[in-house]
Structure formats: structure tokens, C-alpha cells
Amino acid sequence: MIDIKLIRENPQKIKDGAKKKNFDADKMIDDILDIDVKRRDITGKVESMRAKQNTVSRQIPQVKKEGGDVSAVMAEMKSLSAEIKDYGAKLSDIEAKQNELLSCLPNMPDEDVCAGGKENNKPIKYYKEKPQFDFKPKDHVELCESLHMIDYKRGAKLGGAGSWIYTGMGARMEWALINFFIDEHIKDGYEFLLVPHMLNYECGYVAGQFPKFGDEVYWIQNPTGSDKKFILPTAETALVNLYRGEILDESELPKKFIAYTPCYRREAGSYRSEERGMIRGHQFNKVEMVQYAKPEESDAAFEELVGKAERLVQELGLHYRLSKLAAADCSFSMARTYDIEVWIPSMGIYKEVSSASNARDYQARRGGMRYRGKDKKTHFVHTLNASGLATSRVMPAIVEQYQNADGSVTVPEVLQKYMGVDIIKP
């Protein structure tokens with residue numbers, strides 16, 4: 001959520017920032033400011049009436065003690081109390097409306113983030129050369145089927161389009177990747193958590209997915225009660241809620257967490273032909289990194305997350321590029337995002353395996369997550385996240401980039417100790 005003070009001070013800057021995300025917020029911001037004027041006016045009146053109420057209430061015992069008649073004063077206080085209650089109800093309605101509008105306003109992109117969508121994303125780094133083959137290479141679907149690593153047919157039978165079953169060496173490679181990622185993060189001092197997969201509405205609200213993107217998750221309704229939950233689309237949604245409504249001490253920051261979960265996504269529209277296999281699915285595995293940081297350490301934390309995600313891909317020996325996303329391609333809650341995209345030879349394109357993002361204080365304001373500084377004042381933390389990594393595109397990149405002429409696939413060196421083999425043969 002954007003600080004209302006920033007909107008008051010420079011509404012045009014907020015409008016321009018929203019436009020960079022291809023979001024027209026002009027009327028919304030004007031409405032927020034109109035409501036804010038009314039809210040502040042009512043707040044002032046209520047505070048004035050309460051001050052009068054407190055003053056008179058303190059005087060009544062003395063008047064009684066001196067034998068004075070307080071009936072008129074008591075009647076006035078009763079009327080004043082009713083008026084305060086009426087204004088309080090109006091204030092509650094106005095604040096709810098203002099918060100509703102504020103919650104639908106996207107985060108401000110950082111100044112150095114360019115406007116527009118995917119067409120304005122900028123590759124800023126490449127690692128290794130694209131793999132070259134002296135034989136006709138196969139795509140990952142053919143390789144995974146011929147090596148009995150994935151059963152697409154029975155996966156679709158069980159879960160429909162966008163579902164698959166890891167089998168044999170495929171299941172072992174998937175588990176090896178997850179273990180490799182977790183081990184590397186633990187070495188770097190991140191605390192490993194296993195979080196709930198079913199979350200309450202507040203988790204989605206704080207993360208910035210609700211109310212605007214409520215139709216993009218899978219909802220679960222308790223048939224015997226009124227509680228309604230959703231299945232997490234990413235572990236970030238849980239991790240950024242750990243300290244919701246809490247005040248940390250400055251000495252506790254930064255806090256660094258990782259979590260392994262399957263991720264559950266509703267995917268709108270039909271699957272394109274180039275997205276067959278594991279490139280896009282309703283359920284996939286991911287290890288997620290999240291940091292809570294002080295504002296002045298936020299940029300360094302972002303660079304750390306990007307570097308950690310890059311290092312994992314480098315240790316797997318995969319060709320990839322690092323791209324800085326344009327504002328409209330950053331998610332609703334994020335001020336900046338870098339994507340790590342692996343090369344899929346059969347498709348001739350790069351596919352994202354990690355997004356590293358900085359929400360600044362946007363999520364913290366939605367969730368009331370603060371810390372008490374050395375100045376004894378409370379400040380909002382900054383929240384950051386990065387995939388470390390998502391596996392469903394890493395495996396296709398591995399089998400395609402590491403394939404051999406005889407149809408076998410060489411196992412990346414860092415995974416061999418987990419899998420017990422150095423090559424997967426037909």
C-alpha cells in the first residue's frame with residue numbers, strides 16, 4: 001500500500017508511476033484525496049468533541065461537590081456522545097472506502113525502472129554461450145518421455161492439461177534440484193521453513209494479490225463452516241505474512257527465510273504449442289527466498305537475492321540471461337524485478353526460472369509490519385523475494401542443454417551426489 005502522505009504531497013508523481021505500469025490511477029487518486037479531505041475534517045471534529053467531552057467530564061464531579069445542578073450539562077454530554085458516535089460511524093465508512101481504493105493502487109515502480117510492458121524489458125547480462133550440437137537435438141518432451149523421466153499422458157489423465165507425473169530419474173532429478181537449492185540457501189544463513197499450503201484471505205491481501213487478483217488462485221470452501229481459504233500460488237505469500245501486525249527490533253534485521261512448496265496457479269486461456277511439457281502448469285515445485293530488511297539495506301538485499309539465484313543457475317552450468325523488467329511487467333506489489341531466464345534450445349527462447357523483486361514498504365504497510373529503530377520510533381520494514389529456484393523450467397533446460405547424441409542426458413555435476421548417477425541413459 002502506498003503511503004497516503006506521498007499521495008497528498010505529490011499526487012501527480014503517483015499518477016505518473018501508475019502509468020509506467022500501464023495502470024490509469026488518475027480518478028482513483030483524485031477520489032482518494034477527496035475522501036482524505038472528508039476523513040481529516042471528520043477526524044478533526046471528533047477530536048474536538050472528545051476534547052470537550054473530556055474537559056466537561058472532569059468538571060462535573062466538582063460542580064456536584066459544590067452543590068451545583070449538572071442536569072443540563074449531563075444532557076449536553078449525552079447529546080455530544082451520540083454525535084460522536086454518529087461521526088465515528090461515518091469515519092469508519094470513509095476510512096474503509098479509502099483503504100479499499102488504496103489497496104487497489106499498484107506499487108510505485110522505482111525511478112530507474114522504464115515504463116511499459118514486456119516489450120521494454122532489458123537483458124543486462126548473459127552467462128555462457130548457447131549450447132551447440134553436432135547432431136539433431138530433441139526437445140525436452142521427447143527426451144523426458146524416452147528416458148522415462150516424465151509421464152505426461154497419465155499426468156493429464158489425473159489432473160488435466162498442465163499436469164504431469166515425475167517418474168524414475170525424473171522424480172530423482174526433481175528431488176535432487178530441491179535438495180541442492182535448499183542446501184545452498186542454508187549454507188548462506190537462510191532459515192528453512194515448511195509453511196501451510198492453505199492460507200487465509202489476509203495472506204493474499206498483504207502480499208498484494210487481493211482484492212484485485214482474487215480470481216487467479218484456487219479457493220477452498222469449508223463445507224461445514226464459513227471459513228474460506230486459498231491454496232498458495234507461491235511460498236512468498238506465506239513468508240511475507242510471518243510478522244503481520246508485529247513490531248520487530250532493529251537488531252533482528254535482516255531476517256532471511258527459504259521455504260519449499262508446490263505452487264498452485266490458475267492459468268487463464270489455452271496452452272500455446274510452445275508451452276507443452278512442463279513449461280507452464282497448474283502445479284510446480286519451487287524454493288522461495290524472502291528477506292525482511294531495513295530501508296537503507298533494501299538495495300543491497302535485492303542484489304544479494306539476485307546473485308544467489310544466479311549462482312544456482314551457474315552451478316547447474318546452464319546458459320541464461322538476466323533481464324530487468326519494465327514497470328508493467330513487474331507484479332502489482334513490486335517496485336522492481338529482475339528475471340533469470342534459462343535458454344530452451346528447442347523453443348529458441350528464454351524462459352524465466354526466477355524473479356527477484358523488491359516490494360519496498362508496500363507489503364509492510366498492508367500488513368502492519370514494522371521495526372523499532374535505535375531512535376525508539378517504529379518504521380516499516382522492506383520485503384523482498386526471489387525464486388531460488390522454480391524447477392519446472394530448470395529440468396527442461398537441463399535435459400535439452402545437457403543432451404547427448406545417443407539420446408542420453410548428462411547430469412550436472414552438482415546434482416550427481418544427490419542422484420547417484422552421472423548420466424541418464426535410454
# chains A, B, ... in the order shown; residues from 1 in each chain; ligands from 1

call {"tool": "select_by_dssp", "arguments": {"residues": "segment 290-322 of chain A", "states": "helix (DSSP H, G or I)", "output": "ChimeraX atom specification"}}
result
/A:295-315

call {"tool": "write_last_selection", "arguments": {"atoms": "N, CA and C atoms", "output": "CSV table (one decimal), in the first residue's frame"}}
result
chain,number,residue,atom,x,y,z
A,295,PRO,N,15.1,-0.2,5.4
A,295,PRO,CA,15.0,0.5,4.1
A,295,PRO,C,16.4,0.8,3.6
A,296,GLU,N,17.3,1.2,4.4
A,296,GLU,CA,18.7,1.6,3.9
A,296,GLU,C,19.5,0.4,3.5
A,297,GLU,N,19.0,-0.8,3.8
A,297,GLU,CA,19.7,-2.0,3.4
A,297,GLU,C,19.0,-2.8,2.3
A,298,SER,N,17.9,-2.2,1.8
A,298,SER,CA,17.0,-2.8,0.9
A,298,SER,C,17.7,-3.1,-0.5
A,299,ASP,N,18.4,-2.2,-1.0
A,299,ASP,CA,19.0,-2.3,-2.3
A,299,ASP,C,20.1,-3.4,-2.3
A,300,ALA,N,20.9,-3.5,-1.2
A,300,ALA,CA,21.9,-4.5,-1.0
A,300,ALA,C,21.2,-5.9,-0.9
A,301,ALA,N,20.1,-5.9,-0.2
A,301,ALA,CA,19.4,-7.2,-0.1
A,301,ALA,C,18.9,-7.7,-1.4
A,302,PHE,N,18.4,-6.8,-2.2
A,302,PHE,CA,18.0,-7.2,-3.6
A,302,PHE,C,19.1,-7.7,-4.4
A,303,GLU,N,20.3,-7.1,-4.4
A,303,GLU,CA,21.4,-7.6,-5.1
A,303,GLU,C,21.8,-8.9,-4.6
A,304,GLU,N,21.7,-9.2,-3.3
A,304,GLU,CA,22.1,-10.5,-2.7
A,304,GLU,C,21.2,-11.6,-3.3
A,305,LEU,N,19.9,-11.3,-3.3
A,305,LEU,CA,18.9,-12.3,-3.8
A,305,LEU,C,19.1,-12.6,-5.3
A,306,VAL,N,19.4,-11.6,-6.1
A,306,VAL,CA,19.6,-11.8,-7.5
A,306,VAL,C,20.9,-12.6,-7.7
A,307,GLY,N,21.9,-12.3,-6.9
A,307,GLY,CA,23.2,-13.0,-7.0
A,307,GLY,C,23.0,-14.5,-6.6
A,308,LYS,N,22.3,-14.7,-5.5
A,308,LYS,CA,22.1,-16.1,-5.1
A,308,LYS,C,21.3,-16.9,-6.1
A,309,ALA,N,20.3,-16.4,-6.7
A,309,ALA,CA,19.5,-17.1,-7.7
A,309,ALA,C,20.4,-17.3,-9.0
A,310,GLU,N,21.2,-16.3,-9.4
A,310,GLU,CA,22.1,-16.5,-10.5
A,310,GLU,C,23.1,-17.6,-10.2
A,311,ARG,N,23.6,-17.6,-9.0
A,311,ARG,CA,24.7,-18.6,-8.7
A,311,ARG,C,24.2,-20.1,-8.8
A,312,LEU,N,22.9,-20.3,-8.5
A,312,LEU,CA,22.3,-21.6,-8.6
A,312,LEU,C,22.3,-22.1,-10.0
A,313,VAL,N,21.9,-21.2,-10.9
A,313,VAL,CA,21.8,-21.5,-12.4
A,313,VAL,C,23.2,-21.7,-12.9
A,314,GLN,N,24.2,-20.9,-12.4
A,314,GLN,CA,25.6,-21.0,-12.9
A,314,GLN,C,26.1,-22.4,-12.4
A,315,GLU,N,25.9,-22.8,-11.2
A,315,GLU,CA,26.4,-24.0,-10.7
A,315,GLU,C,25.8,-25.2,-11.4

call {"tool": "residues_around", "arguments": {"residues": "Asp31 of chain A", "least_positions_apart": "2", "cutoff": "12 Å", "atoms": "only C-alpha atoms", "output": "list in words"}}
result
Ile7, Arg8, Pro11, Ala25, Asp26, Lys27, Met28, Ile29, Leu33, Asp34, Ile35, Asp36, Val37, Lys38, Ile94, Lys97, Gln98, Asn99, Glu100, Leu101, Leu102 and Leu105 of chain A

call {"tool": "residues_around", "arguments": {"residues": "segment 47-61 of chain A", "least_positions_apart": "2", "cutoff": "12 Å", "atoms": "only C-alpha atoms", "output": "VMD selection string"}}
result
chain A and resid 40 to 45 63 to 88 91

call {"tool": "residues_around", "arguments": {"residues": "Ile398 of chain A", "least_positions_apart": "4", "cutoff": "12 Å", "atoms": "only C-alpha atoms", "output": "ChimeraX atom specification"}}
result
/A:131,139-140,143-144,170,173-174,177,313-320,342-345,391-394,402-404,408-413,415,423-424

call {"tool": "write_last_selection", "arguments": {"atoms": "C-alpha atoms", "output": "PDB file, in the first residue's frame"}}
result
ATOM      1  CA  PRO A 131      24.842 -24.774 -26.434  1.00  0.00           C
ATOM      2  CA  ASP A 139      13.042 -31.264 -27.270  1.00  0.00           C
ATOM      3  CA  HIS A 140      12.522 -31.841 -23.547  1.00  0.00           C
ATOM      4  CA  LEU A 143      13.752 -36.598 -24.064  1.00  0.00           C
ATOM      5  CA  CYS A 144      11.784 -36.906 -20.822  1.00  0.00           C
ATOM      6  CA  GLY A 170      12.801 -37.535 -13.457  1.00  0.00           C
ATOM      7  CA  MET A 173      16.263 -35.188 -10.557  1.00  0.00           C
ATOM      8  CA  GLU A 174      13.353 -33.098  -9.291  1.00  0.00           C
ATOM      9  CA  LEU A 177      17.204 -29.992  -7.529  1.00  0.00           C
ATOM     10  CA  VAL A 313      21.826 -21.499 -12.352  1.00  0.00           C
ATOM     11  CA  GLN A 314      25.564 -21.023 -12.864  1.00  0.00           C
ATOM     12  CA  GLU A 315      26.395 -24.035 -10.692  1.00  0.00           C
ATOM     13  CA  LEU A 316      23.977 -26.064 -12.802  1.00  0.00           C
ATOM     14  CA  GLY A 317      26.047 -24.977 -15.810  1.00  0.00           C
ATOM     15  CA  LEU A 318      23.090 -23.553 -17.756  1.00  0.00           C
ATOM     16  CA  HIS A 319      23.142 -20.751 -20.294  1.00  0.00           C
ATOM     17  CA  TYR A 320      20.830 -17.949 -19.146  1.00  0.00           C
ATOM     18  CA  VAL A 342      17.194 -20.059 -18.990  1.00  0.00           C
ATOM     19  CA  TRP A 343      17.659 -20.941 -22.637  1.00  0.00           C
ATOM     20  CA  ILE A 344      15.373 -23.679 -24.006  1.00  0.00           C
ATOM     21  CA  PRO A 345      17.090 -24.768 -27.255  1.00  0.00           C
ATOM     22  CA  THR A 391      12.093 -26.413 -11.029  1.00  0.00           C
ATOM     23  CA  SER A 392       9.544 -26.901 -13.819  1.00  0.00           C
ATOM     24  CA  ARG A 393      11.641 -24.959 -16.334  1.00  0.00           C
ATOM     25  CA  VAL A 394      15.028 -25.860 -14.898  1.00  0.00           C
ATOM     26  CA  TYR A 402      22.893 -31.479 -21.470  1.00  0.00           C
ATOM     27  CA  GLN A 403      21.575 -33.950 -24.075  1.00  0.00           C
ATOM     28  CA  ASN A 404      23.910 -36.238 -25.990  1.00  0.00           C
ATOM     29  CA  SER A 408      21.193 -39.760 -23.058  1.00  0.00           C
ATOM     30  CA  VAL A 409      21.420 -36.739 -20.745  1.00  0.00           C
ATOM     31  CA  THR A 410      24.463 -35.871 -18.675  1.00  0.00           C
ATOM     32  CA  VAL A 411      23.583 -34.987 -15.076  1.00  0.00           C
ATOM     33  CA  PRO A 412      25.007 -31.618 -13.937  1.00  0.00           C
ATOM     34  CA  GLU A 413      27.946 -32.222 -11.623  1.00  0.00           C
ATOM     35  CA  LEU A 415      23.344 -32.966  -8.816  1.00  0.00           C
ATOM     36  CA  ILE A 423      24.320 -39.836 -16.921  1.00  0.00           C
ATOM     37  CA  ILE A 424      20.696 -40.792 -17.625  1.00  0.00           C
TER      38      ILE A 424
END
